[in-house]
Amino acid sequence: DIPSGQFFGLLGANGSGKTSTIHMLASLVRLSGGNASVSGHDVVGEAVKVRGSIGLVFQESALDQTLSVAENLRFAGLLYNLTPGVIEERCAELLQLFGLADKRHRPVGSLSGGMRRALDIVRGVIHHPRILFLDEPTIGLDLSNRRKIWRFIDKLRAQTGMTVLLTTHYLEEADSCDRVAFI
């Protein structure tokens with residue numbers, strides 16, 4: 001059980017099952033046994049409700065490198081049935097929070113790795129999810145960009161009270177979590 005608003009870390013070595021756990025909780029793969037619920041919804045029987053209540057930032061970027069920042073966010077917002085007005089409002093708010101407001105019309109492929117990662121997180125929260133799954137969000141980033149991403153996540157959590165489930169193999173990242181499970 002992870003209480004609402006908590007920052008929960010799932011710490012483990014590469015290949016230990018962290019990503020598989022996230023994929024099961026996000027209803028992307030079938031459970032191999034047992035049961036799980038997310039936001040009170042069964043991940044097998046209520047997969048659509050589960051997906052509507054979560055944001056997911058994959059290990060690998062889910063952004064289209066050829067589209068602009070705004071186009072990527074518009075596409076993500078439409079997938080969650082957000083109106084164009086709400087998409088525009090959320091884009092302005094989140095791009096400002098993540099320091100990307102001036103990059104709005106640039107192709108994603110022209111952004112630095114840290115900026116693309118921040119944009120992946122923006123894409124994951126555009127629809128106001130109750131829970132955010134971060135699957136090794138800072139992998140491959142230098143220390144400066146890793147710290148910047150964590151400042152953004154801290155601001156986001158402070159503003160929204162969102163529950164965050166982080167997978168990582170970096171002990172120092174798990175150190176800032178409210179609770180940690182080892183896998």
# chains A, B, ... in the order shown; residues from 1 in each chain; ligands from 1

call {"tool": "residues_around", "arguments": {"residues": "region 101-113 of chain A", "least_positions_apart": "3", "cutoff": "6 Å", "atoms": "only C-alpha atoms", "output": "PyMOL selection string"}}
result
chain A and resi 65-70+95-96+116

call {"tool": "closest_atom_pairs", "arguments": {"of": "region 30-71 of chain A", "to": "region 138-144 of chain A", "cutoff": "12 Å", "atoms": "only C-alpha atoms", "output": "CSV"}}
result
residue,atom,partner,partner_atom,distance
A:Val57,CA,A:Thr138,CA,10.6
A:Phe58,CA,A:Thr138,CA,10.7
A:Gln59,CA,A:Ile139,CA,7.5
A:Glu60,CA,A:Ile139,CA,9.3
A:Ser61,CA,A:Ile139,CA,11.1

call {"tool": "select_by_dssp", "arguments": {"residues": "region 21-147 of chain A", "states": "strand (DSSP E)", "output": "PyMOL selection string"}}
result
chain A and resi 37-38+41-42+54-57+131-135

call {"tool": "closest_atom_pairs", "arguments": {"of": "region 18-122 of chain A", "to": "region 166-170 of chain A", "cutoff": "12 Å", "atoms": "only C-alpha atoms", "output": "CSV"}}
result
residue,atom,partner,partner_atom,distance
A:Lys18,CA,A:Thr167,CA,6.1
A:Thr19,CA,A:Thr167,CA,7.4
A:Ser20,CA,A:Thr167,CA,10.5
A:Thr21,CA,A:Thr167,CA,9.3
A:Ile22,CA,A:Thr167,CA,8.2
A:His23,CA,A:Thr167,CA,11.5
A:Gly55,CA,A:Leu166,CA,11.9
A:Leu56,CA,A:Leu166,CA,10.3
A:Val57,CA,A:Leu166,CA,9.7
A:Phe58,CA,A:Thr167,CA,10.3
A:Gln59,CA,A:Thr167,CA,9.5

call {"tool": "closest_residue", "arguments": {"among": "A:Leu25, A:Leu73, A:Thr83, A:Gly9", "to": "Glu172 (chain A)", "atoms": "only C-alpha atoms"}}
result
A:Gly9

call {"tool": "select_by_dssp", "arguments": {"residues": "chain A", "states": "helix (DSSP H, G or I)", "output": "PyMOL selection string"}}
result
chain A and resi 18-25+47-53+69-79+84-97+101-103+108-110+113-125+143-160+171-174

call {"tool": "closest_residue", "arguments": {"among": "A:Asn14, A:Val38, A:Arg30, A:Val122", "to": "Glu93 (chain A)", "atoms": "only C-alpha atoms"}}
result
A:Val122

call {"tool": "closest_residue", "arguments": {"among": "A:Ala76, A:Val50, A:Asp154, A:Ala26", "to": "Ser176 (chain A)", "atoms": "only C-alpha atoms"}}
result
A:Asp154

call {"tool": "closest_residue", "arguments": {"among": "A:Ile121, A:Ile126, A:Ala62, A:Leu78", "to": "Cys91 (chain A)", "atoms": "only C-alpha atoms"}}
result
A:Ile126

call {"tool": "closest_residue", "arguments": {"among": "A:Val29, A:Tyr80, A:Ile131, A:Ile153", "to": "Leu119 (chain A)", "atoms": "only C-alpha atoms"}}
result
A:Ile153

call {"tool": "closest_residue", "arguments": {"among": "A:Leu134, A:Val43, A:Leu10, A:Leu79", "to": "Ile183 (chain A)", "atoms": "only C-alpha atoms"}}
result
A:Leu10

call {"tool": "atom_distance", "arguments": {"atom1": "CA of Phe98 (chain A)", "atom2": "CA of Met24 (chain A)"}}
result
28.6 Å

call {"tool": "atom_distance", "arguments": {"atom1": "CA of Gly52 (chain A)", "atom2": "CA of Leu82 (chain A)"}}
result
11.5 Å
